[in-house]
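Trainee: Contents are CSV, C-alpha atoms and all ligand atoms; file name my_file-v2.csv:
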chain,number,residue,atom,x,y,z
A,15,MET,CA,9.1,-26.0,-7.9
A,16,LYS,CA,12.4,-24.0,-8.0
A,17,TRP,CA,14.1,-25.7,-10.9
A,18,ASN,CA,13.2,-26.6,-14.5
A,19,SER,CA,14.3,-30.1,-15.6
A,20,GLU,CA,17.5,-29.0,-17.3
A,21,GLN,CA,18.6,-27.2,-14.2
A,22,LEU,CA,17.7,-30.1,-11.9
A,23,ALA,CA,19.5,-32.6,-14.1
A,24,TRP,CA,22.6,-30.4,-14.0
A,25,LEU,CA,22.4,-30.2,-10.3
A,26,ILE,CA,22.0,-33.9,-9.9
A,27,ARG,CA,25.1,-34.4,-12.0
A,28,ARG,CA,27.1,-31.9,-10.1
A,29,HIS,CA,26.1,-33.3,-6.7
A,30,ALA,CA,26.8,-36.8,-7.9
A,31,VAL,CA,30.3,-36.0,-8.9
A,32,GLU,CA,30.9,-34.3,-5.5
A,33,MET,CA,29.2,-37.1,-3.5
A,34,THR,CA,31.1,-39.9,-5.2
A,35,HIS,CA,34.4,-37.9,-5.1
A,36,LEU,CA,34.1,-37.2,-1.3
A,37,SER,CA,33.0,-40.7,-0.4
A,38,GLY,CA,35.0,-42.8,-2.8
A,39,GLY,CA,31.5,-44.1,-3.8
A,40,SER,CA,30.8,-45.9,-7.1
A,41,HIS,CA,28.2,-45.9,-9.8
A,42,ILE,CA,28.8,-42.4,-11.2
A,43,GLY,CA,28.2,-43.7,-14.8
A,44,ALA,CA,24.8,-45.1,-13.7
A,45,ILE,CA,23.9,-41.9,-12.0
A,46,LEU,CA,24.8,-39.7,-14.9
A,47,SER,CA,22.9,-42.0,-17.2
A,48,VAL,CA,19.6,-41.7,-15.3
A,49,ALA,CA,19.9,-38.0,-14.2
A,50,ASP,CA,17.7,-36.7,-17.0
A,51,ILE,CA,14.9,-39.2,-16.3
A,52,VAL,CA,14.9,-38.4,-12.6
A,53,ALA,CA,15.0,-34.7,-13.3
A,54,VAL,CA,12.1,-34.6,-15.7
A,55,LEU,CA,10.0,-36.7,-13.3
A,56,TYR,CA,10.7,-34.5,-10.3
A,57,ALA,CA,10.6,-31.2,-12.1
A,58,ASP,CA,7.5,-31.6,-14.2
A,59,VAL,CA,5.7,-35.0,-14.0
A,60,MET,CA,5.2,-36.3,-10.5
A,61,HIS,CA,3.0,-34.9,-7.8
A,62,TYR,CA,4.5,-34.7,-4.3
A,63,ARG,CA,4.8,-32.5,-1.3
A,64,PRO,CA,8.2,-32.1,0.3
A,65,GLU,CA,6.6,-30.7,3.4
A,66,GLU,CA,4.3,-33.8,3.7
A,67,PRO,CA,6.3,-36.7,2.3
A,68,ASP,CA,3.6,-39.3,3.1
A,69,TRP,CA,0.8,-37.3,1.4
A,70,GLN,CA,-1.6,-40.0,0.3
A,71,GLU,CA,-2.1,-38.6,-3.1
A,72,ARG,CA,1.6,-38.4,-4.0
A,73,ASP,CA,2.8,-40.3,-7.0
A,74,ARG,CA,4.9,-43.2,-5.9
A,75,PHE,CA,8.5,-43.5,-7.2
A,76,ILE,CA,10.9,-46.4,-7.0
A,77,LEU,CA,14.4,-46.3,-8.3
A,78,SER,CA,14.8,-50.0,-8.8
A,79,LYS,CA,18.4,-49.6,-10.0
A,80,GLY,CA,19.2,-48.5,-6.5
A,81,HIS,CA,22.9,-48.3,-7.0
A,82,ALA,CA,22.2,-44.9,-8.7
A,83,GLY,CA,21.0,-43.7,-5.3
A,84,ALA,CA,22.9,-40.4,-5.5
A,85,SER,CA,20.6,-39.3,-8.3
A,86,ILE,CA,17.5,-39.6,-6.2
A,87,TYR,CA,19.1,-38.2,-3.1
A,88,ALA,CA,20.2,-35.1,-5.0
A,89,ALA,CA,16.8,-34.6,-6.6
A,90,LEU,CA,15.0,-35.0,-3.3
A,91,ALA,CA,17.3,-32.5,-1.6
A,92,GLU,CA,17.0,-30.0,-4.4
A,93,VAL,CA,13.2,-30.1,-4.4
A,94,GLY,CA,13.1,-29.6,-0.6
A,95,PHE,CA,12.8,-32.9,1.2
A,96,PHE,CA,15.9,-32.4,3.2
A,97,PRO,CA,18.9,-29.9,3.2
A,98,THR,CA,21.3,-30.2,0.3
A,99,GLU,CA,24.1,-29.9,2.9
A,100,GLU,CA,23.3,-33.5,4.0
A,101,LEU,CA,24.3,-34.8,0.6
A,102,LYS,CA,27.9,-34.6,1.7
A,103,THR,CA,27.3,-37.4,4.1
A,104,HIS,CA,26.6,-39.9,1.3
A,105,TYR,CA,28.2,-43.3,1.9
A,106,GLN,CA,29.7,-42.2,5.3
A,107,ASP,CA,29.2,-44.2,8.5
A,108,GLY,CA,26.0,-43.3,10.2
A,109,SER,CA,24.6,-41.4,7.3
A,110,ARG,CA,21.0,-41.8,6.1
A,111,LEU,CA,22.3,-41.6,2.6
A,112,SER,CA,23.6,-45.1,2.2
A,113,GLY,CA,25.2,-46.0,-1.1
A,114,HIS,CA,22.1,-47.7,-2.3
A,115,VAL,CA,18.7,-46.1,-1.9
A,116,SER,CA,17.3,-46.0,1.6
A,117,HIS,CA,13.7,-45.5,2.7
A,118,TYR,CA,15.0,-43.8,5.9
A,119,LEU,CA,14.9,-40.6,3.8
A,120,PRO,CA,11.7,-38.6,3.5
A,121,GLY,CA,10.4,-39.0,-0.1
A,122,VAL,CA,11.7,-42.6,-0.5
A,123,ASP,CA,9.1,-45.3,-0.5
A,124,LEU,CA,11.3,-48.3,-1.0
A,125,SER,CA,14.9,-49.2,-0.2
A,126,THR,CA,16.6,-50.7,-3.3
A,127,GLY,CA,19.9,-52.0,-4.4
A,128,SER,CA,19.3,-55.6,-4.8
A,129,LEU,CA,18.3,-55.5,-8.4
A,130,GLY,CA,15.1,-57.0,-9.8
A,131,HIS,CA,12.6,-56.2,-7.0
A,132,GLY,CA,11.4,-52.7,-7.7
A,133,LEU,CA,8.9,-53.6,-10.4
A,134,SER,CA,7.2,-56.2,-8.2
A,135,VAL,CA,6.7,-53.7,-5.4
A,136,ALA,CA,5.5,-51.1,-7.9
A,137,CYS,CA,3.0,-53.6,-9.2
A,138,GLY,CA,1.8,-54.2,-5.6
A,139,MET,CA,1.4,-50.5,-5.1
A,140,ALA,CA,-0.5,-50.0,-8.4
A,141,TYR,CA,-2.7,-53.0,-7.8
A,142,ALA,CA,-3.6,-51.9,-4.2
A,143,ALA,CA,-4.6,-48.5,-5.5
A,144,LYS,CA,-6.8,-50.1,-8.2
A,145,LYS,CA,-8.5,-52.3,-5.6
A,146,ASP,CA,-9.1,-49.4,-3.4
A,147,GLY,CA,-10.6,-47.4,-6.3
A,148,ASP,CA,-7.9,-44.8,-5.6
A,149,THR,CA,-7.1,-42.8,-8.8
A,150,SER,CA,-5.3,-40.0,-7.0
A,151,HIS,CA,-1.8,-41.1,-7.9
A,152,ARG,CA,0.4,-43.1,-10.3
A,153,VAL,CA,3.3,-45.4,-9.7
A,154,PHE,CA,6.6,-44.8,-11.4
A,155,VAL,CA,9.5,-47.2,-11.4
A,156,VAL,CA,12.9,-46.9,-13.0
A,157,LEU,CA,14.9,-50.0,-13.9
A,158,GLY,CA,18.3,-50.7,-15.4
A,159,ASP,CA,18.5,-52.6,-18.6
A,160,GLY,CA,21.0,-55.1,-17.1
A,161,GLU,CA,18.5,-55.4,-14.3
A,162,CYS,CA,16.1,-56.8,-16.8
A,163,ASP,CA,18.2,-60.0,-16.8
A,164,GLU,CA,16.5,-60.7,-13.5
A,165,GLY,CA,13.6,-63.2,-13.8
A,166,ALA,CA,11.5,-61.5,-11.3
A,167,VAL,CA,11.2,-58.5,-13.6
A,168,TRP,CA,9.3,-60.6,-16.2
A,169,GLU,CA,7.1,-62.2,-13.6
A,170,ALA,CA,6.1,-58.7,-12.5
A,171,ALA,CA,5.6,-57.7,-16.1
A,172,LEU,CA,3.1,-60.5,-16.6
A,173,PHE,CA,1.3,-59.5,-13.5
A,174,ALA,CA,1.0,-55.8,-14.5
A,175,ASN,CA,-0.6,-56.6,-17.8
A,176,HIS,CA,-2.9,-59.3,-16.4
A,177,PHE,CA,-4.3,-56.7,-13.9
A,178,ARG,CA,-4.3,-53.9,-16.5
A,179,LEU,CA,-2.2,-51.7,-14.3
A,180,ASN,CA,-2.5,-48.5,-16.4
A,181,ASN,CA,-1.6,-46.5,-13.2
A,182,LEU,CA,1.9,-48.0,-13.5
A,183,VAL,CA,4.7,-46.5,-15.6
A,184,ALA,CA,8.1,-48.2,-15.9
A,185,VAL,CA,11.1,-46.6,-17.4
A,186,VAL,CA,14.1,-48.7,-18.5
A,187,ASP,CA,17.3,-46.8,-18.4
A,188,HIS,CA,18.6,-48.5,-21.6
A,189,ASN,CA,22.3,-47.5,-21.6
A,190,HIS,CA,23.3,-50.8,-23.2
A,191,MET,CA,25.8,-51.6,-20.4
A,192,GLN,CA,25.8,-53.1,-17.0
A,193,SER,CA,28.5,-53.4,-14.4
A,194,LEU,CA,31.3,-55.1,-16.3
A,195,ASP,CA,30.6,-54.9,-20.0
A,196,PHE,CA,27.9,-54.2,-22.7
A,197,ASN,CA,24.7,-56.0,-22.0
A,198,GLU,CA,25.0,-57.9,-25.2
A,199,ASN,CA,28.3,-59.4,-24.1
A,200,THR,CA,26.9,-60.4,-20.8
A,201,LEU,CA,23.4,-61.7,-21.5
A,202,GLU,CA,21.7,-60.7,-24.8
A,203,LEU,CA,18.7,-58.5,-24.6
A,204,GLU,CA,18.3,-58.1,-28.3
A,205,ASP,CA,15.1,-56.0,-29.0
A,206,LEU,CA,14.0,-55.0,-25.5
A,207,GLY,CA,10.9,-53.1,-26.7
A,208,ALA,CA,9.6,-56.2,-28.5
A,209,LYS,CA,10.0,-58.2,-25.3
A,210,TRP,CA,7.9,-55.8,-23.2
A,211,ARG,CA,5.3,-55.6,-26.0
A,212,ALA,CA,5.1,-59.4,-26.1
A,213,PHE,CA,4.3,-59.2,-22.3
A,214,GLY,CA,1.3,-57.0,-23.2
A,215,TRP,CA,2.7,-53.6,-22.3
A,216,ASN,CA,2.5,-50.3,-24.2
A,217,VAL,CA,6.0,-49.5,-25.3
A,218,LEU,CA,7.4,-46.1,-26.1
A,219,GLU,CA,11.0,-45.8,-27.2
A,220,ILE,CA,12.9,-42.5,-26.8
A,221,ASN,CA,16.2,-40.8,-26.3
A,222,GLY,CA,16.3,-40.8,-22.5
A,223,ASN,CA,18.8,-38.0,-22.2
A,224,ASP,CA,16.6,-35.7,-24.2
A,225,HIS,CA,14.2,-33.7,-22.0
A,226,GLU,CA,11.8,-32.9,-24.8
A,227,ALA,CA,11.4,-36.5,-25.7
A,228,LEU,CA,11.0,-37.4,-22.0
A,229,HIS,CA,8.3,-34.8,-21.5
A,230,ALA,CA,6.5,-35.9,-24.6
A,231,ALA,CA,6.6,-39.5,-23.5
A,232,PHE,CA,5.2,-38.9,-20.0
A,233,ALA,CA,2.5,-36.6,-21.4
A,234,ARG,CA,1.5,-39.2,-23.9
A,235,VAL,CA,1.3,-41.9,-21.2
A,236,GLU,CA,-1.0,-39.7,-19.2
A,237,ALA,CA,-3.2,-38.7,-22.1
A,238,GLU,CA,-3.7,-42.3,-23.3
A,239,ARG,CA,-3.9,-44.3,-20.1
A,240,ASP,CA,-7.7,-44.5,-19.9
A,241,ASP,CA,-7.9,-45.7,-23.6
A,242,THR,CA,-5.1,-48.3,-23.4
A,243,ARG,CA,-5.9,-49.8,-20.0
A,244,LYS,CA,-2.4,-51.2,-20.0
A,245,PRO,CA,0.8,-50.5,-18.1
A,246,THR,CA,3.4,-48.6,-20.1
A,247,VAL,CA,7.1,-49.0,-20.3
A,248,ILE,CA,9.3,-46.2,-21.7
A,249,ILE,CA,12.5,-47.7,-23.1
A,250,ALA,CA,14.8,-44.7,-22.6
A,251,HIS,CA,17.9,-45.1,-24.7
A,252,THR,CA,20.7,-43.4,-22.7
A,253,VAL,CA,24.4,-43.1,-22.6
A,254,LYS,CA,26.1,-44.4,-19.5
A,255,GLY,CA,28.2,-41.6,-18.0
A,256,TYR,CA,26.3,-38.9,-20.0
A,257,GLY,CA,27.6,-35.4,-19.4
A,258,VAL,CA,31.2,-36.2,-18.8
A,259,SER,CA,32.9,-37.1,-22.0
A,260,PHE,CA,35.6,-39.4,-20.6
A,261,MET,CA,33.0,-41.3,-18.6
A,262,GLN,CA,30.6,-41.9,-21.5
A,263,ASN,CA,30.2,-45.5,-22.6
A,264,ASP,CA,33.3,-46.5,-20.6
A,265,ILE,CA,32.5,-49.3,-18.2
A,266,LEU,CA,35.4,-48.2,-16.0
A,267,TRP,CA,33.1,-45.6,-14.5
A,268,HIS,CA,30.5,-48.1,-13.2
A,269,TYR,CA,32.7,-48.7,-10.2
A,270,ARG,CA,35.4,-46.0,-10.3
A,271,PHE,CA,34.8,-42.7,-8.5
A,272,PRO,CA,36.3,-39.4,-9.7
A,273,HIS,CA,39.7,-39.2,-7.9
A,274,ASP,CA,41.6,-36.1,-6.9
A,275,GLY,CA,43.4,-34.5,-9.9
A,276,TRP,CA,42.3,-34.6,-13.5
A,277,GLU,CA,39.4,-37.0,-12.9
A,278,TYR,CA,37.6,-34.7,-10.5
A,279,ASP,CA,38.8,-31.4,-12.1
A,280,GLY,CA,38.0,-32.6,-15.6
A,281,ALA,CA,34.5,-33.7,-14.7
A,282,VAL,CA,33.7,-30.4,-12.9
A,283,ALA,CA,35.2,-28.4,-15.7
A,284,GLU,CA,33.1,-30.2,-18.3
A,285,LEU,CA,30.0,-29.8,-16.3
A,286,HIS,CA,30.6,-26.1,-16.0
A,287,ARG,CA,30.8,-25.7,-19.7
A,288,GLN,CA,27.2,-27.1,-19.8
A,289,LYS,CA,25.8,-25.2,-16.8
A,290,PRO,CA,22.3,-23.8,-17.5
A,291,SER,CA,21.7,-20.2,-16.5
A,292,GLY,CA,20.1,-19.6,-13.2
A,293,VAL,CA,22.0,-22.3,-11.4
A,294,THR,CA,24.9,-21.8,-9.0
A,295,ASP,CA,27.4,-24.6,-8.3
A,296,PRO,CA,27.2,-25.3,-4.6
A,297,TYR,CA,30.7,-26.6,-4.3
A,298,THR,CA,32.9,-24.8,-6.9
A,299,PRO,CA,30.9,-21.7,-7.8
A,300,HIS,CA,33.5,-20.6,-10.4
A,301,GLY,CA,34.4,-24.0,-11.7
A,302,VAL,CA,37.9,-25.3,-11.4
A,303,PRO,CA,40.2,-22.3,-12.2
A,304,ALA,CA,43.2,-24.3,-13.2
A,305,PRO,CA,42.1,-27.9,-13.8
A,306,VAL,CA,44.8,-30.6,-13.4
A,307,ARG,CA,45.4,-32.2,-16.9
A,308,PRO,CA,45.9,-35.9,-17.4
A,309,GLU,CA,49.5,-37.0,-17.7
A,310,VAL,CA,51.0,-39.5,-20.0
A,311,GLY,CA,49.6,-42.9,-19.0
A,312,ASP,CA,46.4,-41.3,-17.5
A,313,ASP,CA,44.6,-41.6,-20.8
A,314,PRO,CA,41.1,-40.5,-20.3
A,315,ASN,CA,40.1,-41.9,-23.7
A,316,ASP,CA,41.3,-45.5,-22.9
A,317,ASP,CA,38.8,-48.0,-24.2
A,318,HIS,CA,38.1,-49.9,-21.0
A,319,THR,CA,34.9,-51.4,-22.4
A,320,PHE,CA,36.4,-53.7,-24.9
A,321,SER,CA,34.3,-52.3,-27.7
A,322,ARG,CA,36.3,-54.5,-30.0
A,323,THR,CA,34.0,-57.2,-28.8
A,324,TRP,CA,30.9,-55.4,-30.0
A,325,HIS,CA,29.3,-57.6,-32.6
A,326,PRO,CA,27.5,-56.0,-35.6
A,327,ARG,CA,24.4,-58.1,-35.0
A,328,TYR,CA,23.8,-56.6,-31.6
A,329,PRO,CA,21.4,-53.6,-31.5
A,330,GLU,CA,23.6,-50.6,-32.2
A,331,PRO,CA,22.8,-48.1,-29.5
A,332,MET,CA,23.4,-44.8,-31.2
A,333,ARG,CA,21.6,-45.7,-34.4
A,334,ARG,CA,18.5,-46.7,-32.5
A,335,VAL,CA,18.6,-43.5,-30.4
A,336,GLU,CA,18.9,-41.4,-33.5
A,337,ALA,CA,16.0,-43.1,-35.1
A,338,ALA,CA,13.8,-42.3,-32.0
A,339,VAL,CA,15.2,-38.9,-31.1
A,340,GLY,CA,12.6,-36.3,-30.1
A,341,SER,CA,9.6,-38.6,-30.7
A,342,CYS,CA,7.9,-41.5,-29.0
A,343,GLU,CA,6.3,-42.9,-32.1
A,344,ALA,CA,8.4,-46.0,-32.4
A,345,VAL,CA,6.2,-48.7,-31.0
A,346,HIS,CA,2.8,-48.3,-29.4
A,347,PRO,CA,0.4,-51.2,-29.9
A,348,ALA,CA,-2.7,-49.4,-28.8
A,349,ALA,CA,-2.0,-46.5,-31.2
A,350,GLU,CA,-1.4,-49.0,-34.0
A,351,GLU,CA,-4.7,-50.7,-33.3
A,352,LYS,CA,-6.6,-47.5,-33.4
A,353,ALA,CA,-5.1,-46.4,-36.7
B,1,LIG,C1,20.6,-58.9,-7.4
B,1,LIG,C2,21.8,-58.1,-7.7
B,1,LIG,N1,22.8,-58.7,-8.4
B,1,LIG,C3,24.0,-58.0,-8.7
B,1,LIG,C4,24.1,-56.7,-8.2
B,1,LIG,C5,25.4,-56.0,-8.5
B,1,LIG,N2,25.2,-54.9,-9.5
B,1,LIG,C6,25.2,-53.6,-9.1
B,1,LIG,S1,24.9,-52.6,-10.4
B,1,LIG,C7,24.9,-53.9,-11.5
B,1,LIG,C8,24.8,-53.6,-13.0
B,1,LIG,C9,23.4,-53.1,-13.3
B,1,LIG,O1,23.3,-52.8,-14.6
B,1,LIG,P1,22.1,-52.0,-15.1
B,1,LIG,O2,20.8,-52.5,-14.5
B,1,LIG,O3,22.1,-52.0,-16.6
B,1,LIG,O4,22.3,-50.6,-14.5
B,1,LIG,P2,23.2,-49.4,-15.0
B,1,LIG,O5,24.3,-49.2,-14.0
B,1,LIG,O6,23.7,-49.7,-16.4
B,1,LIG,O7,22.3,-48.2,-15.0
B,1,LIG,C10,25.1,-55.1,-10.8
B,1,LIG,C11,25.2,-56.4,-11.5
B,1,LIG,C12,23.0,-56.1,-7.5
B,1,LIG,N3,23.1,-54.9,-7.1
B,1,LIG,N4,21.9,-56.8,-7.3
B,2,MG,MG,22.6,-50.5,-17.9
Mind turning this structure into structure tokens?
Ligand SMILES: Cc1ncc(C[n+]2csc(CCOP(=O)(O)OP(=O)(O)O)c2C)c(N)n1
Ligand SMILES: [Mg+2]
Mentor:
Amino acid sequence: MKWNSEQLAWLIRRHAVEMTHLSGGSHIGAILSVADIVAVLYADVMHYRPEEPDWQERDRFILSKGHAGASIYAALAEVGFFPTEELKTHYQDGSRLSGHVSHYLPGVDLSTGSLGHGLSVACGMAYAAKKDGDTSHRVFVVLGDGECDEGAVWEAALFANHFRLNNLVAVVDHNHMQSLDFNENTLELEDLGAKWRAFGWNVLEINGNDHEALHAAFARVEAERDDTRKPTVIIAHTVKGYGVSFMQNDILWHYRFPHDGWEYDGAVAELHRQKPSGVTDPYTPHGVPAPVRPEVGDDPNDDHTFSRTWHPRYPEPMRRVEAAVGSCEAVHPAAEEKA
């Protein structure tokens, strides 16, 4: 593997800004939110062979929040499944890289985009492996938190526990937003971890933009899966738009793409300030030499998310993230029982 997880996450973000910019494609906020989860999985956790995409022992991966397809396309290209040059065709007519995830690409097991189905298919994969006595691989699925509004998610959650699918790991990208507003202003999730626990799952709660916390959580799932005999969900508290300040926690960037001018220049310039060593930007190797600045009326700090409507009784995202930063101790029924 060529990249460590920090490098891969940066490359995913940089590709995604370029891909959405070139195509006028949407969901950049959702892509930036999940980039660290995808990067840690592909850099350090999952077993796969780019030269043999259908290798029977590969870990299965489903990006159930398929609108963040650019994240997985960028990761697959960077780890060698297809040339990075093809990323530029994203969202274009005739491209294999459709806006939502397509299984026409090597390395993709399931097309997604219609929310709510990924966990059910992941359950089927994990159940089939169990029935076959095949312990060679695990099944990973990443869901959005708004996606958890879908009833099918909870039917699958019951199934996974009933059949003790401890070869299944779900990650919920808990950025506290969906397409038009905060989750809590759309359909209340309240304490999401408690809900999964009530459905019988092991629950780890972490900061999902923190690579150390992600590594620790995946290592812990692996170390304990024979003891717990349960499926595990990692509730990964993230920030929608993470990595580009004016996109963070601003719902505008669910559908808006970085336009020519200060939006594109500002995003690239900011990413360049965070670039890990050992990585070259494939599009603007020296950053943007003279970035266009926002003009009056182009306020990048506009509050498009109506945070005035945030109610104090909703779970407060940042406080919960800080409480869990760097650890995955928050909630783990099996561990509590053992103690
Ligand atoms: C079944 C279905 N209904 C509606 C949509 C439209 N849609 C696309 S993204 C999105 C919001 C998803 O929110 P969340 O799961 O929290 O993902 P995030 O973008 O926050 O990561 C919606 C409603 C869809 N893709 N599928
Ligand atoms: Mg969300």
Trainee: Around ligand MG 2 (chain B), at most 7 Å away and counting all atoms listed in the file, which residues are there? Put them as JSON, numbers by chain, please.
Mentor: {"A": [158, 159, 160, 187, 188, 189, 190, 191, 192]}
Trainee: Looking at A:Leu285, A:Ala250, A:Ile76, A:Leu194, which one is nearest to ligand LIG 1 (chain B), with distances taken over only C-alpha atoms and all ligand atoms?
Mentor: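 Of the candidates, the smallest distance to ligand LIG 1 (chain B) is held by A:Leu194.
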Trainee: Hey, which residues come within 10 Å of ligand LIG 1 (chain B) if we count only C-alpha atoms and all ligand atoms? Could you give them as a PyMOL selection string?
Mentor: chain A and resi 40-48+78-82+114+126-131+156-164+186-197+252-255+263+265+267-269
Trainee: Would you mind reading off the distance between atom CA of A:Glu202 and atom CA of A:Arg270, one decimal, in Å?
Mentor: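 The value is 24.8 Å.
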Trainee: Pick from A:Leu179, A:Val306, A:Ala142, A:Ala170: nearest to A:Asp240, with all atoms listed in the file counted?
Mentor: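 Selected residue with least distance to A:Asp240: A:Leu179.
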Trainee: Please determine, counting only C-alpha atoms, which residue among A:Lys16, A:Lys145, A:His318, A:His251 has the shortest atom-to-atom distance to A:Ala57.
Mentor: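 For A:Ala57, the nearest of the candidates is A:Lys16.
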